[in-house]
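Novice: To be precise about what I am sending: the file is called work-v4.txt and holds compact mmCIF, C-alpha atoms.
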```
# COMPACT_ATOMS: atom_id res chain seq x y z
CA MET Q 1 -2.78 2.71 -25.77
CA ILE Q 2 0.95 2.01 -25.93
CA GLY Q 3 1.74 4.98 -28.15
CA ALA Q 4 2.65 5.65 -31.74
CA GLY Q 5 6.15 4.28 -31.35
CA ALA Q 6 4.97 0.82 -30.35
CA SER Q 7 5.19 -0.63 -33.82
CA SER Q 8 8.91 0.12 -33.92
CA LEU Q 9 9.45 -1.51 -30.53
CA VAL Q 10 12.31 -3.98 -30.84
CA LEU Q 11 14.31 -6.06 -28.40
CA GLU Q 12 17.71 -7.25 -29.53
CA VAL Q 13 19.53 -9.81 -27.41
CA GLU Q 14 22.96 -10.75 -28.59
CA ASN Q 15 25.29 -13.50 -27.42
CA LEU Q 16 23.88 -13.34 -23.90
CA ALA Q 17 25.39 -15.43 -21.12
CA ALA Q 18 24.22 -15.65 -17.53
CA SER Q 19 26.06 -17.01 -14.52
CA ARG Q 20 24.98 -17.99 -11.05
CA GLY Q 21 27.92 -18.46 -8.73
CA LEU Q 22 30.46 -20.63 -10.55
CA ARG Q 23 27.97 -21.95 -13.11
CA ILE Q 24 27.14 -20.59 -16.53
CA LEU Q 25 23.38 -21.09 -16.90
CA PHE Q 26 23.33 -20.41 -20.62
CA GLU Q 27 25.56 -18.72 -23.16
CA GLY Q 28 25.47 -17.61 -26.77
CA LEU Q 29 21.77 -16.79 -26.49
CA SER Q 30 20.60 -14.40 -29.21
CA PHE Q 31 17.13 -13.44 -30.38
CA GLN Q 32 15.10 -10.53 -31.70
CA LEU Q 33 11.57 -9.66 -30.72
CA SER Q 34 9.33 -6.86 -31.97
CA GLY Q 35 6.22 -5.19 -30.62
CA GLY Q 36 3.10 -7.32 -31.01
CA GLU Q 37 4.99 -10.54 -30.36
CA VAL Q 38 4.86 -12.95 -27.43
CA LEU Q 39 7.91 -15.02 -26.54
CA GLU Q 40 7.56 -18.07 -24.28
CA LEU Q 41 10.67 -19.09 -22.37
CA ARG Q 42 10.75 -22.82 -21.85
CA GLY Q 43 13.15 -25.22 -20.23
CA PRO Q 44 13.41 -27.34 -17.10
CA ASN Q 45 13.67 -25.84 -13.61
CA GLY Q 46 17.02 -24.16 -13.08
CA SER Q 47 17.76 -23.70 -16.78
CA GLY Q 48 17.90 -19.93 -16.42
CA LYS Q 49 14.44 -18.70 -17.47
CA SER Q 50 14.04 -16.49 -14.40
CA THR Q 51 17.62 -15.26 -14.68
CA LEU Q 52 17.04 -14.31 -18.33
CA LEU Q 53 13.93 -12.36 -17.32
CA ARG Q 54 15.82 -10.62 -14.51
CA ILE Q 55 18.56 -9.65 -16.96
CA LEU Q 56 15.97 -8.24 -19.38
CA ALA Q 57 14.39 -6.33 -16.48
CA GLY Q 58 17.76 -4.84 -15.57
CA LEU Q 59 17.89 -6.50 -12.16
CA THR Q 60 20.74 -8.91 -12.86
CA ARG Q 61 23.92 -8.14 -14.73
CA PRO Q 62 24.60 -10.50 -17.65
CA HIS Q 63 27.81 -12.52 -17.59
CA ASP Q 64 28.38 -11.57 -21.21
CA GLY Q 65 26.51 -10.17 -24.20
CA THR Q 66 24.09 -7.28 -24.71
CA VAL Q 67 20.42 -6.48 -24.30
CA ALA Q 68 18.98 -3.53 -26.21
CA PHE Q 69 15.38 -2.35 -26.08
CA LYS Q 70 14.58 0.12 -28.84
CA GLY Q 71 11.37 2.07 -28.79
CA GLY Q 72 9.90 4.76 -30.99
CA GLY Q 73 11.18 7.59 -28.85
CA GLU Q 74 14.57 8.41 -27.42
CA ASP Q 75 13.98 6.83 -24.03
CA GLU Q 76 14.11 3.12 -23.40
CA PRO Q 77 10.58 1.72 -23.53
CA GLY Q 78 9.03 1.14 -20.09
CA ARG Q 79 9.03 -2.35 -18.66
CA HIS Q 80 6.94 -4.28 -16.17
CA PHE Q 81 8.60 -7.14 -14.31
CA LEU Q 82 6.46 -9.72 -12.51
CA GLY Q 83 8.79 -12.06 -10.68
CA HIS Q 84 7.84 -15.29 -8.98
CA LEU Q 85 7.37 -13.29 -5.77
CA ASP Q 86 4.17 -11.26 -5.73
CA ALA Q 87 5.35 -8.17 -3.79
CA VAL Q 88 2.29 -8.37 -1.55
CA LYS Q 89 2.55 -6.76 1.89
CA PRO Q 90 0.94 -8.87 4.62
CA SER Q 91 -0.46 -5.95 6.65
CA GLU Q 92 -1.92 -3.79 3.87
CA THR Q 93 -5.35 -4.52 2.43
CA ALA Q 94 -5.65 -5.54 -1.22
CA ALA Q 95 -7.29 -2.21 -2.09
CA GLU Q 96 -4.53 -0.22 -0.35
CA GLN Q 97 -1.86 -2.12 -2.27
CA ALA Q 98 -3.60 -1.59 -5.61
CA ALA Q 99 -3.98 2.12 -4.78
CA PHE Q 100 -0.32 2.27 -3.79
CA TRP Q 101 0.81 0.92 -7.16
CA ALA Q 102 -1.46 3.41 -8.95
CA ARG Q 103 0.12 6.27 -7.00
CA TYR Q 104 3.57 4.78 -7.49
CA PHE Q 105 3.16 5.01 -11.26
CA GLY Q 106 1.59 8.47 -10.95
CA ARG Q 107 -1.93 7.28 -11.86
CA GLU Q 108 -5.37 8.08 -10.49
CA PRO Q 109 -6.82 5.85 -7.72
CA ALA Q 110 -9.69 5.07 -10.13
CA GLU Q 111 -7.22 3.07 -12.20
CA ALA Q 112 -6.59 0.85 -9.20
CA ILE Q 113 -10.32 0.17 -8.73
CA LYS Q 114 -10.69 -0.67 -12.42
CA ALA Q 115 -7.70 -3.02 -12.24
CA MET Q 116 -9.03 -4.73 -9.09
CA ASN Q 117 -12.30 -5.44 -10.90
CA ARG Q 118 -10.46 -6.74 -13.92
CA VAL Q 119 -8.36 -9.27 -11.96
CA GLY Q 120 -11.41 -10.41 -10.00
CA LEU Q 121 -10.48 -9.07 -6.57
CA SER Q 122 -13.32 -6.56 -6.22
CA ASN Q 123 -14.88 -8.60 -3.40
CA ARG Q 124 -11.55 -8.97 -1.54
CA GLU Q 125 -10.69 -5.27 -1.28
CA GLN Q 126 -10.57 -5.06 2.50
CA VAL Q 127 -8.67 -8.33 3.03
CA PRO Q 128 -5.09 -7.80 4.25
CA GLY Q 129 -2.31 -9.39 2.21
CA ARG Q 130 -1.78 -12.18 4.70
CA GLY Q 131 -5.40 -13.26 4.25
CA LEU Q 132 -5.12 -13.69 0.48
CA SER Q 133 -4.57 -17.11 -1.09
CA ALA Q 134 -1.56 -17.71 -3.34
CA GLY Q 135 -3.74 -17.26 -6.42
CA GLN Q 136 -5.26 -14.04 -5.10
CA LYS Q 137 -1.79 -12.67 -4.38
CA ARG Q 138 -0.84 -13.43 -7.97
CA ARG Q 139 -3.96 -11.61 -9.17
CA LEU Q 140 -2.99 -8.64 -7.01
CA ALA Q 141 0.45 -8.67 -8.66
CA LEU Q 142 -1.26 -8.50 -12.07
CA VAL Q 143 -2.79 -5.17 -10.98
CA ARG Q 144 0.63 -3.60 -11.59
CA LEU Q 145 0.39 -4.46 -15.29
CA LEU Q 146 -3.00 -2.82 -15.56
CA VAL Q 147 -2.62 0.45 -13.64
CA GLU Q 148 0.23 1.61 -15.83
CA PRO Q 149 0.34 0.74 -19.55
CA ARG Q 150 3.90 -0.14 -20.47
CA PRO Q 151 5.06 -1.67 -23.75
CA VAL Q 152 7.25 -4.47 -22.36
CA TRP Q 153 5.93 -7.16 -20.00
CA LEU Q 154 8.40 -9.58 -18.42
CA LEU Q 155 6.44 -12.32 -16.65
CA ASP Q 156 7.93 -15.13 -14.57
CA GLU Q 157 5.45 -18.01 -14.56
CA PRO Q 158 2.45 -15.66 -14.55
CA THR Q 159 -0.07 -18.49 -14.29
CA ALA Q 160 1.54 -20.23 -11.30
CA ALA Q 161 -0.96 -20.72 -8.46
CA LEU Q 162 -3.84 -19.44 -10.59
CA ASP Q 163 -7.08 -21.36 -11.11
CA VAL Q 164 -8.56 -22.09 -14.55
CA GLU Q 165 -10.34 -18.75 -14.61
CA GLY Q 166 -7.17 -16.94 -13.54
CA ARG Q 167 -5.16 -18.61 -16.28
CA ALA Q 168 -7.77 -17.57 -18.82
CA LEU Q 169 -7.48 -14.02 -17.48
CA VAL Q 170 -3.68 -13.99 -17.98
CA THR Q 171 -4.08 -15.38 -21.51
CA GLN Q 172 -6.62 -12.67 -22.23
CA LEU Q 173 -4.44 -9.88 -20.80
CA VAL Q 174 -1.42 -11.09 -22.77
CA GLY Q 175 -3.53 -11.27 -25.94
CA GLU Q 176 -4.86 -7.74 -25.46
CA HIS Q 177 -1.38 -6.44 -24.77
CA ARG Q 178 -0.06 -8.04 -27.95
CA ASP Q 179 -2.93 -6.61 -29.99
CA ARG Q 180 -2.01 -3.15 -28.71
CA GLY Q 181 1.50 -3.63 -30.08
CA GLY Q 182 3.08 -4.53 -26.77
CA MET Q 183 5.77 -7.12 -26.21
CA VAL Q 184 5.47 -10.03 -23.78
CA ILE Q 185 8.25 -12.36 -22.63
CA ALA Q 186 7.02 -15.03 -20.24
CA ALA Q 187 8.65 -18.01 -18.58
CA ILE Q 188 5.99 -20.67 -18.60
CA HIS Q 189 5.30 -24.37 -18.08
CA GLY Q 190 2.35 -26.22 -19.57
CA ASP Q 191 -0.16 -24.47 -21.80
CA GLY Q 192 1.26 -21.45 -23.56
CA PHE Q 193 -0.24 -18.47 -25.36
CA ALA Q 194 -1.73 -18.82 -28.82
CA GLY Q 195 0.45 -17.61 -31.67
CA SER Q 196 3.54 -17.10 -29.57
CA ARG Q 197 7.17 -17.84 -30.33
CA THR Q 198 9.12 -20.22 -28.14
CA LEU Q 199 12.67 -20.06 -26.85
CA ASP Q 200 14.09 -23.13 -25.15
CA VAL Q 201 16.62 -21.74 -22.69
CA SER Q 202 18.11 -25.20 -22.05
CA ALA Q 203 19.24 -25.33 -25.70
CA PHE Q 204 22.09 -23.01 -24.73
CA PRO Q 205 23.76 -25.47 -22.44
CA ALA Q 206 25.00 -24.83 -18.95
CA ARG Q 207 28.56 -25.48 -17.86
CA ALA Q 208 30.86 -24.80 -14.97
CA VAL Q 209 33.10 -21.73 -15.21
CA VAL Q 210 36.67 -22.85 -15.59
CA MET S 1 9.42 11.18 -8.67
CA SER S 2 5.89 10.06 -7.80
CA GLY S 3 7.44 6.65 -7.13
CA SER S 4 9.67 7.78 -4.27
CA PHE S 5 6.93 9.94 -2.72
CA SER S 6 4.42 7.11 -2.73
CA VAL S 7 6.98 4.73 -1.25
CA PHE S 8 7.66 7.30 1.49
CA ALA S 9 3.94 7.60 2.30
CA ARG S 10 3.46 3.83 2.25
CA GLU S 11 6.42 3.18 4.56
CA LEU S 12 5.27 5.84 7.01
CA LYS S 13 1.87 4.15 7.22
CA LEU S 14 3.35 0.64 7.48
CA ALA S 15 5.74 1.74 10.24
CA TRP S 16 2.90 3.04 12.39
CA SER S 17 0.30 0.42 11.63
CA GLY S 18 0.23 -3.30 12.17
CA GLY S 19 3.27 -4.84 13.84
CA GLY S 20 4.19 -1.49 15.38
CA GLY S 21 7.75 -1.40 14.10
CA ALA S 22 8.25 1.99 15.75
CA ALA S 23 7.27 0.80 19.23
CA LEU S 24 10.24 -1.54 19.80
CA PRO S 25 13.05 1.07 19.57
CA VAL S 26 11.08 3.50 21.75
CA GLY S 27 10.50 0.78 24.34
CA PHE S 28 14.15 -0.21 24.23
CA PHE S 29 15.30 3.40 24.67
CA ALA S 30 13.01 3.92 27.66
CA ALA S 31 13.96 0.60 29.25
CA ALA S 32 17.71 1.06 28.81
CA CYS S 33 17.61 4.51 30.44
CA SER S 34 15.24 3.35 33.17
CA ILE S 35 17.47 0.53 34.42
CA THR S 36 20.61 2.67 34.37
CA PRO S 37 20.18 3.93 37.97
CA PHE S 38 20.06 0.30 39.16
CA ALA S 39 23.42 -0.38 37.56
CA VAL S 40 25.38 2.81 38.27
CA GLY S 41 23.69 3.62 41.57
CA ASN S 42 20.96 6.16 42.09
CA GLY S 43 23.18 8.82 43.67
CA VAL S 44 22.77 12.18 41.95
CA GLU S 45 26.50 12.48 41.34
CA ASN S 46 26.73 9.01 39.76
CA LEU S 47 23.84 9.74 37.39
CA LYS S 48 25.24 13.16 36.46
CA VAL S 49 28.45 11.43 35.35
CA ALA S 50 26.91 8.44 33.59
CA GLY S 51 23.47 9.74 32.53
CA PRO S 52 24.11 11.72 29.33
CA GLY S 53 26.56 9.14 27.98
CA VAL S 54 24.26 6.19 28.72
CA MET S 55 21.35 8.04 27.15
CA TRP S 56 23.25 8.70 23.95
CA ILE S 57 24.40 5.04 23.73
CA ALA S 58 20.81 3.89 24.31
CA LEU S 59 19.60 6.19 21.51
CA ALA S 60 22.21 4.79 19.12
CA LEU S 61 21.37 1.16 19.91
CA ALA S 62 17.62 1.84 19.79
CA SER S 63 18.09 3.31 16.29
CA LEU S 64 19.96 0.16 15.28
CA LEU S 65 17.06 -2.14 16.23
CA PRO S 66 14.73 -1.54 13.25
CA MET S 67 17.60 -1.74 10.75
CA GLU S 68 17.51 -5.50 10.25
CA ARG S 69 14.03 -5.36 8.75
CA LEU S 70 14.43 -1.99 6.97
CA PHE S 71 15.10 -3.53 3.53
CA GLN S 72 14.90 -7.24 4.31
CA ALA S 73 11.12 -7.49 4.25
CA ASP S 74 10.93 -5.78 0.84
CA LEU S 75 13.64 -8.06 -0.50
CA GLU S 76 11.94 -11.23 0.74
CA ASP S 77 8.46 -10.51 -0.58
CA GLY S 78 9.63 -9.30 -3.98
CA THR S 79 8.75 -5.63 -3.46
CA LEU S 80 12.33 -4.52 -4.16
CA ASP S 81 12.27 -6.50 -7.43
CA ALA S 82 9.02 -4.78 -8.37
CA TYR S 83 10.49 -1.36 -7.58
CA ALA S 84 13.74 -2.05 -9.45
CA GLY S 85 11.99 -3.75 -12.38
CA SER S 86 9.81 -0.69 -12.95
CA GLY S 87 12.90 1.39 -13.56
CA ILE S 88 12.95 3.55 -10.42
CA GLY S 89 16.36 4.39 -8.93
CA MET S 90 17.30 2.47 -5.80
CA GLU S 91 18.69 5.72 -4.34
CA GLY S 92 15.18 7.16 -4.17
CA ILE S 93 13.82 3.99 -2.57
CA ALA S 94 16.59 3.90 0.05
CA LEU S 95 16.12 7.59 0.86
CA ALA S 96 12.31 7.35 1.02
CA LYS S 97 12.33 4.28 3.25
CA THR S 98 15.01 5.54 5.65
CA LEU S 99 13.38 8.96 5.93
CA ALA S 100 9.97 7.42 6.62
CA HIS S 101 11.32 5.11 9.30
CA TRP S 102 13.29 7.92 10.91
CA ILE S 103 10.15 10.06 11.08
CA ALA S 104 8.09 7.16 12.43
CA THR S 105 10.64 6.21 15.09
CA GLY S 106 13.00 9.16 15.55
CA ILE S 107 10.23 11.58 16.50
CA PRO S 108 8.78 9.33 19.27
CA LEU S 109 12.35 8.76 20.50
CA ALA S 110 12.92 12.50 20.69
CA ILE S 111 9.58 13.03 22.47
CA ILE S 112 10.39 10.65 25.31
CA ALA S 113 14.04 11.75 25.51
CA PRO S 114 13.46 14.70 27.90
CA VAL S 115 11.52 12.50 30.33
CA LEU S 116 14.41 10.06 30.47
CA TRP S 117 16.82 13.01 30.68
CA ILE S 118 15.16 14.32 33.82
CA MET S 119 15.01 10.81 35.26
CA LEU S 120 18.78 10.59 34.81
CA GLN S 121 19.19 13.84 36.80
CA GLY S 122 19.66 16.13 33.81
CA PRO S 123 18.67 19.77 34.40
CA PRO S 124 15.02 20.29 33.31
CA GLU S 125 15.82 23.63 31.64
CA ALA S 126 17.87 21.70 29.03
CA ALA S 127 14.87 19.52 28.04
CA LEU S 128 14.17 21.35 24.78
CA PHE S 129 17.80 21.07 23.85
CA VAL S 130 17.67 17.30 24.48
CA ILE S 131 14.73 16.98 22.08
CA VAL S 132 16.65 18.78 19.33
CA PHE S 133 19.75 16.68 19.98
CA SER S 134 17.82 13.41 19.93
CA LEU S 135 16.13 14.34 16.65
CA ILE S 136 19.42 15.18 14.94
CA GLY S 137 21.25 12.25 16.52
CA SER S 138 18.62 9.68 15.57
CA ALA S 139 18.66 11.01 11.99
CA ALA S 140 22.41 10.37 11.85
CA PHE S 141 21.99 6.92 13.42
CA PHE S 142 19.16 5.95 11.04
CA PHE S 143 20.83 7.11 7.85
CA PHE S 144 24.24 5.61 8.66
CA GLY S 145 22.39 2.51 9.83
CA SER S 146 20.63 2.20 6.48
CA ILE S 147 24.00 1.41 4.86
CA GLY S 148 24.46 -1.60 7.13
CA ALA S 149 20.79 -2.51 6.65
CA ALA S 150 21.19 -2.59 2.88
CA LEU S 151 24.43 -4.60 3.06
CA ALA S 152 22.83 -7.21 5.31
CA ALA S 153 19.44 -7.29 3.57
CA GLY S 154 20.22 -10.45 1.62
CA MET S 155 21.43 -12.36 4.66
CA ARG S 156 19.68 -14.45 7.23
CA ARG S 157 20.34 -13.06 10.70
CA GLY S 158 22.27 -10.14 9.27
CA GLY S 159 21.94 -8.23 12.54
CA LEU S 160 25.50 -8.90 13.60
CA LEU S 161 26.83 -7.66 10.26
CA ILE S 162 24.70 -4.51 10.59
CA ALA S 163 26.22 -3.80 14.00
CA LEU S 164 29.77 -4.43 12.76
CA VAL S 165 29.36 -2.23 9.67
CA THR S 166 27.36 0.52 11.31
CA LEU S 167 28.96 1.10 14.70
CA PRO S 168 32.21 2.61 13.28
CA LEU S 169 30.04 4.99 11.22
CA TYR S 170 28.29 6.00 14.45
CA VAL S 171 31.53 7.16 16.11
CA PRO S 172 31.53 10.85 15.06
CA THR S 173 27.87 11.27 16.01
CA MET S 174 28.59 9.41 19.26
CA ILE S 175 31.44 11.75 20.23
CA PHE S 176 29.82 15.07 19.26
CA GLY S 177 26.37 14.15 20.53
CA ALA S 178 27.55 12.93 23.92
CA ALA S 179 29.80 15.99 24.25
CA GLY S 180 26.76 18.18 23.59
CA LEU S 181 24.63 16.40 26.20
CA TYR S 182 27.38 16.68 28.83
CA ALA S 183 27.74 20.38 27.98
CA ALA S 184 23.99 20.85 28.38
CA ALA S 185 24.02 19.00 31.70
CA SER S 186 26.77 21.22 33.12
CA GLY S 187 25.60 24.46 31.50
CA GLY S 188 28.68 24.58 29.25
CA GLU S 189 29.22 25.52 25.62
CA TRP S 190 26.88 23.39 23.50
CA ALA S 191 26.67 25.21 20.15
CA ALA S 192 29.82 23.64 18.69
CA PRO S 193 28.90 20.02 19.49
CA LEU S 194 25.37 20.67 18.21
CA MET S 195 26.67 21.91 14.89
CA LEU S 196 29.13 19.03 14.59
CA THR S 197 26.39 16.49 15.34
CA ALA S 198 24.19 18.16 12.73
CA ALA S 199 27.09 18.04 10.27
CA ALA S 200 27.48 14.30 10.87
CA ALA S 201 23.73 13.82 10.35
CA LEU S 202 23.73 15.84 7.13
CA PHE S 203 26.69 13.85 5.86
CA GLY S 204 24.74 10.67 6.58
CA VAL S 205 21.58 11.94 4.86
CA ALA S 206 23.53 13.09 1.81
CA THR S 207 25.67 9.99 1.28
CA SER S 208 23.92 6.98 2.79
CA SER S 209 21.29 6.51 0.09
CA PHE S 210 23.97 6.14 -2.59
CA ALA S 211 25.86 3.52 -0.57
CA ALA S 212 22.63 1.73 0.38
CA ALA S 213 21.43 1.75 -3.25
CA MET S 214 24.65 0.11 -4.39
CA ALA S 215 24.26 -2.59 -1.75
CA LEU S 216 20.58 -3.14 -2.67
CA ARG S 217 21.38 -3.51 -6.36
CA THR S 218 23.86 -6.24 -5.42
CA ALA S 219 21.29 -7.86 -3.14
CA ILE S 220 18.71 -8.24 -5.93
CA ASP S 221 21.29 -9.23 -8.56
```
If you took the structure in this file and wrote it as structure tokens, what would it be?

Specialist:
Amino acid sequence: MIGAGASSLVLEVENLAASRGLRILFEGLSFQLSGGEVLELRGPNGSGKSTLLRILAGLTRPHDGTVAFKGGGEDEPGRHFLGHLDAVKPSETAAEQAAFWARYFGREPAEAIKAMNRVGLSNREQVPGRGLSAGQKRRLALVRLLVEPRPVWLLDEPTAALDVEGRALVTQLVGEHRDRGGMVIAAIHGDGFAGSRTLDVSAFPARAVV
Amino acid sequence: MSGSFSVFARELKLAWSGGGGAALPVGFFAAACSITPFAVGNGVENLKVAGPGVMWIALALASLLPMERLFQADLEDGTLDAYAGSGIGMEGIALAKTLAHWIATGIPLAIIAPVLWIMLQGPPEAALFVIVFSLIGSAAFFFFGSIGAALAAGMRRGGLLIALVTLPLYVPTMIFGAAGLYAAASGGEWAAPLMLTAAAALFGVATSSFAAAMALRTAID
């Protein structure tokens, strides 16, 4: 599913430092991750898990250090970023939003229907975004992962607001993605994913910038 | 490429459905022109002097109204993060969104412009010309406005900042556009101001998405 180059998928993070305002959240953070591995980011609130994910997604500039994704091909491997906001529009129906993301990634509308079934929203298709519960919005955000297969998943607390069944779904999706040779980096509290590596972001201590 | 096209289509639909984002500027434009005779006096001579200028100011301010929400809503609900995190260029997003909102709002503005024109004692034979001018003018106002919209996206009540940043950028379009409307009202030479207004609009279309993209990247940083 991910492509022949997936096995050579590697992420190299070297000496990374992140700052927010006048505070260094973490520094000297280095790790390597290959395709088929899941990395859990742990640490208390405010330790920089979300910031690390945003840096890996290319949204935030690092204070220092380098991030290099290496895939099989010449291009950087594609990434999916699921932040703590669900990117759900209040006035569009769930089905319209799923179809939008399918079109956005250049996929067929059928992919959106399949993804809606998979995340358990098939009976909420005509409900506008404002009528969805927090957990249903999160499920709708998961549709993005499914309509377009991409080797790197960056998930910020993917199980937040989800019920037991929803959490099992995320665990299952992450497991399937890993088995396909994909890479998952997830900030998470509580129960993690089986067989995953753990990185404690708070072990790279914060300090004020002098 | 499919990304920018689908964002364009989505924004066009969102602008026309639901909250009716396009209705407010059109209502403002109509209201501002309609109360002008009460302020400047309803004598034909008064309106001939004030009418075209007031109309052009009203068009500029009406175009400024939707700017506060242009990028802010997408920033607040995480849509901009989702766009940026999927690797699409912010330039394409800024261009697609601004173009969609200009089509959704600029075209209705241009359609009602000749009615307001005649109400302000403009010659009816210039009505078609007024439509063309309003279309080009609103394009310039929307695209220059998108720069201010992107700069203020990360701020609460960024409306004031949008006005401060955007109004100086409106000046060339303001001068050429108003000159064109006055020329049309008096039967004078209008080709030069039309071309200069169009030049200002094209400059806005060509450059604004790069400036807006830079501001948006900073906003999500």

Novice: Near chain S, which residues of chain Q fall within 9 Å when you count only C-alpha atoms, and what do they look like as JSON, numbers by chain?

Specialist: {"Q": [54, 55, 57, 58, 59, 60, 61, 78, 79, 80, 81, 82, 83, 84, 85, 86, 87, 88, 89, 91, 92, 100, 101, 103, 104, 105, 106]}

Novice: With 9 Å as the cut-off and all atoms listed in the file counted, what is the closest atom pair between each nearby residue of segment 14-77 of chain Q and segment 145-154 of chain Q? Distances in Å to one decimal, ordered by chain and number, as JSON lines.

Specialist:
```
{"residue": "Q:Gly35", "atom": "CA", "partner": "Q:Pro151", "partner_atom": "CA", "distance": 7.8}
{"residue": "Q:Leu53", "atom": "CA", "partner": "Q:Leu154", "partner_atom": "CA", "distance": 6.3}
{"residue": "Q:Arg54", "atom": "CA", "partner": "Q:Leu154", "partner_atom": "CA", "distance": 8.5}
{"residue": "Q:Leu56", "atom": "CA", "partner": "Q:Leu154", "partner_atom": "CA", "distance": 7.7}
{"residue": "Q:Ala57", "atom": "CA", "partner": "Q:Leu154", "partner_atom": "CA", "distance": 7.1}
{"residue": "Q:Gly71", "atom": "CA", "partner": "Q:Pro151", "partner_atom": "CA", "distance": 8.9}
{"residue": "Q:Pro77", "atom": "CA", "partner": "Q:Pro151", "partner_atom": "CA", "distance": 6.5}
```

Novice: Which residues, written as a count of residues only, have at least one atom at most 12 Å from segment 43-56 of chain S, with only C-alpha atoms counted and residues fewer than 4 positions away on the same chain left out?

Specialist: 55

Novice: So that I can see what lies close to Gly204 of chain S, please list as a PyMOL selection string the residues with an atom at most 9 Å from it, counting all atoms listed in the file and leaving out residues fewer than 2 positions away in the same chain.

Specialist: chain S and resi 139-144+199-202+206-209

Novice: Take the residues from that selection and write them out as an mmCIF file, in the coordinates of the input, keeping C-alpha atoms.

Specialist:
```cif
data_model
loop_
_atom_site.group_PDB
_atom_site.id
_atom_site.type_symbol
_atom_site.label_atom_id
_atom_site.label_comp_id
_atom_site.auth_asym_id
_atom_site.auth_seq_id
_atom_site.Cartn_x
_atom_site.Cartn_y
_atom_site.Cartn_z
ATOM 1 C CA ALA S 139 18.660 11.010 11.990
ATOM 2 C CA ALA S 140 22.410 10.370 11.850
ATOM 3 C CA PHE S 141 21.990 6.920 13.420
ATOM 4 C CA PHE S 142 19.160 5.950 11.040
ATOM 5 C CA PHE S 143 20.830 7.110 7.850
ATOM 6 C CA PHE S 144 24.240 5.610 8.660
ATOM 7 C CA ALA S 199 27.090 18.040 10.270
ATOM 8 C CA ALA S 200 27.480 14.300 10.870
ATOM 9 C CA ALA S 201 23.730 13.820 10.350
ATOM 10 C CA LEU S 202 23.730 15.840 7.130
ATOM 11 C CA ALA S 206 23.530 13.090 1.810
ATOM 12 C CA THR S 207 25.670 9.990 1.280
ATOM 13 C CA SER S 208 23.920 6.980 2.790
ATOM 14 C CA SER S 209 21.290 6.510 0.090
#
```

Novice: Smallest atom-to-atom distance to Glu27 of chain Q: which of Q:Val13, Q:Thr159, Q:Leu41, Q:Asp64, using all atoms listed in the file?

Specialist: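 Result for the nearest residue to Glu27 of chain Q: Q:Asp64.
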
Novice: In terms of the shortest atom-to-atom distance over only C-alpha atoms, which of Q:Val38, Q:Ala17, Q:Leu33, Q:Thr93 is closest to Thr51 of chain Q?

Specialist: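 Closest candidate: Q:Ala17.
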
Novice: When distances are computed from all atoms listed in the file, which of Q:Leu132, Q:Glu76, Q:Val119, Q:Ala112 shows the smallest separation from Pro90 of chain Q?

Specialist: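 Answer, going by the shortest atom-to-atom distance: Q:Leu132.
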
Novice: Go ahead and compute the interatomic distance for atom CA of Glu91 of chain S and atom CA of Thr66 of chain Q, in Å to one decimal.

Specialist: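 Between atom CA of Glu91 of chain S and atom CA of Thr66 of chain Q the gap works out to 24.8 Å.
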
Novice: Could you check how far atom CA of Ala191 of chain S sits from atom CA of Val205 of chain S, in Å to one decimal?

Specialist: 20.9 Å

Novice: What is the distance between atom CA of Gly21 of chain S and atom CA of Glu125 of chain Q, in Å to one decimal?

Specialist: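 Those two atoms sit 24.3 Å apart.
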
Novice: Of the candidates Q:Arg42, Q:His63, Q:Lys49, Q:His189, which one gets nearest to Ile24 of chain Q if we count all atoms listed in the file?

Specialist: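 Closest candidate: Q:His63.
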
Novice: Identify the residues within 10 Å of coordinate (-1.1, -6.3, -26.4) (same frame as the file), considering all atoms listed in the file, and give the answer as a ChimeraX atom specification.

Specialist: /Q:1-2,35-38,149-153,172-184

Novice: What's the 12 Å shell around Arg167 of chain Q, counting all atoms listed in the file, without same-chain residues fewer than 5 positions away, as a ChimeraX atom specification?

Specialist: /Q:119,135,138-139,142,157-162,172-174,188,190-193

Novice: Applying 12 Å and all atoms listed in the file, which residues near Ala15 of chain S remain after dropping the ones on its own chain fewer than 3 positions away? List them as number ranges by chain.

Specialist: Q: 91-92; S: 7-12, 18-25, 66, 69-70, 97-106

Novice: Segment 45-57 of chain S from the block above, C-alpha atoms, as an mmCIF file, in the first residue's frame, please?

Specialist:
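And here's out_3.cif as it stands now:
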```
data_model
loop_
_atom_site.group_PDB
_atom_site.id
_atom_site.type_symbol
_atom_site.label_atom_id
_atom_site.label_comp_id
_atom_site.auth_asym_id
_atom_site.auth_seq_id
_atom_site.Cartn_x
_atom_site.Cartn_y
_atom_site.Cartn_z
ATOM 1 C CA GLU S 45 -25.814 68.690 -8.505
ATOM 2 C CA ASN S 46 -24.763 67.578 -5.008
ATOM 3 C CA LEU S 47 -25.097 63.903 -5.919
ATOM 4 C CA LYS S 48 -23.235 64.368 -9.210
ATOM 5 C CA VAL S 49 -20.286 65.752 -7.225
ATOM 6 C CA ALA S 50 -20.339 63.297 -4.336
ATOM 7 C CA GLY S 51 -21.945 60.186 -5.872
ATOM 8 C CA PRO S 52 -19.110 58.440 -7.759
ATOM 9 C CA GLY S 53 -16.595 59.094 -4.973
ATOM 10 C CA VAL S 54 -18.928 57.875 -2.223
ATOM 11 C CA MET S 55 -19.770 54.799 -4.259
ATOM 12 C CA TRP S 56 -16.134 53.883 -4.724
ATOM 13 C CA ILE S 57 -15.401 54.377 -0.992
#
```
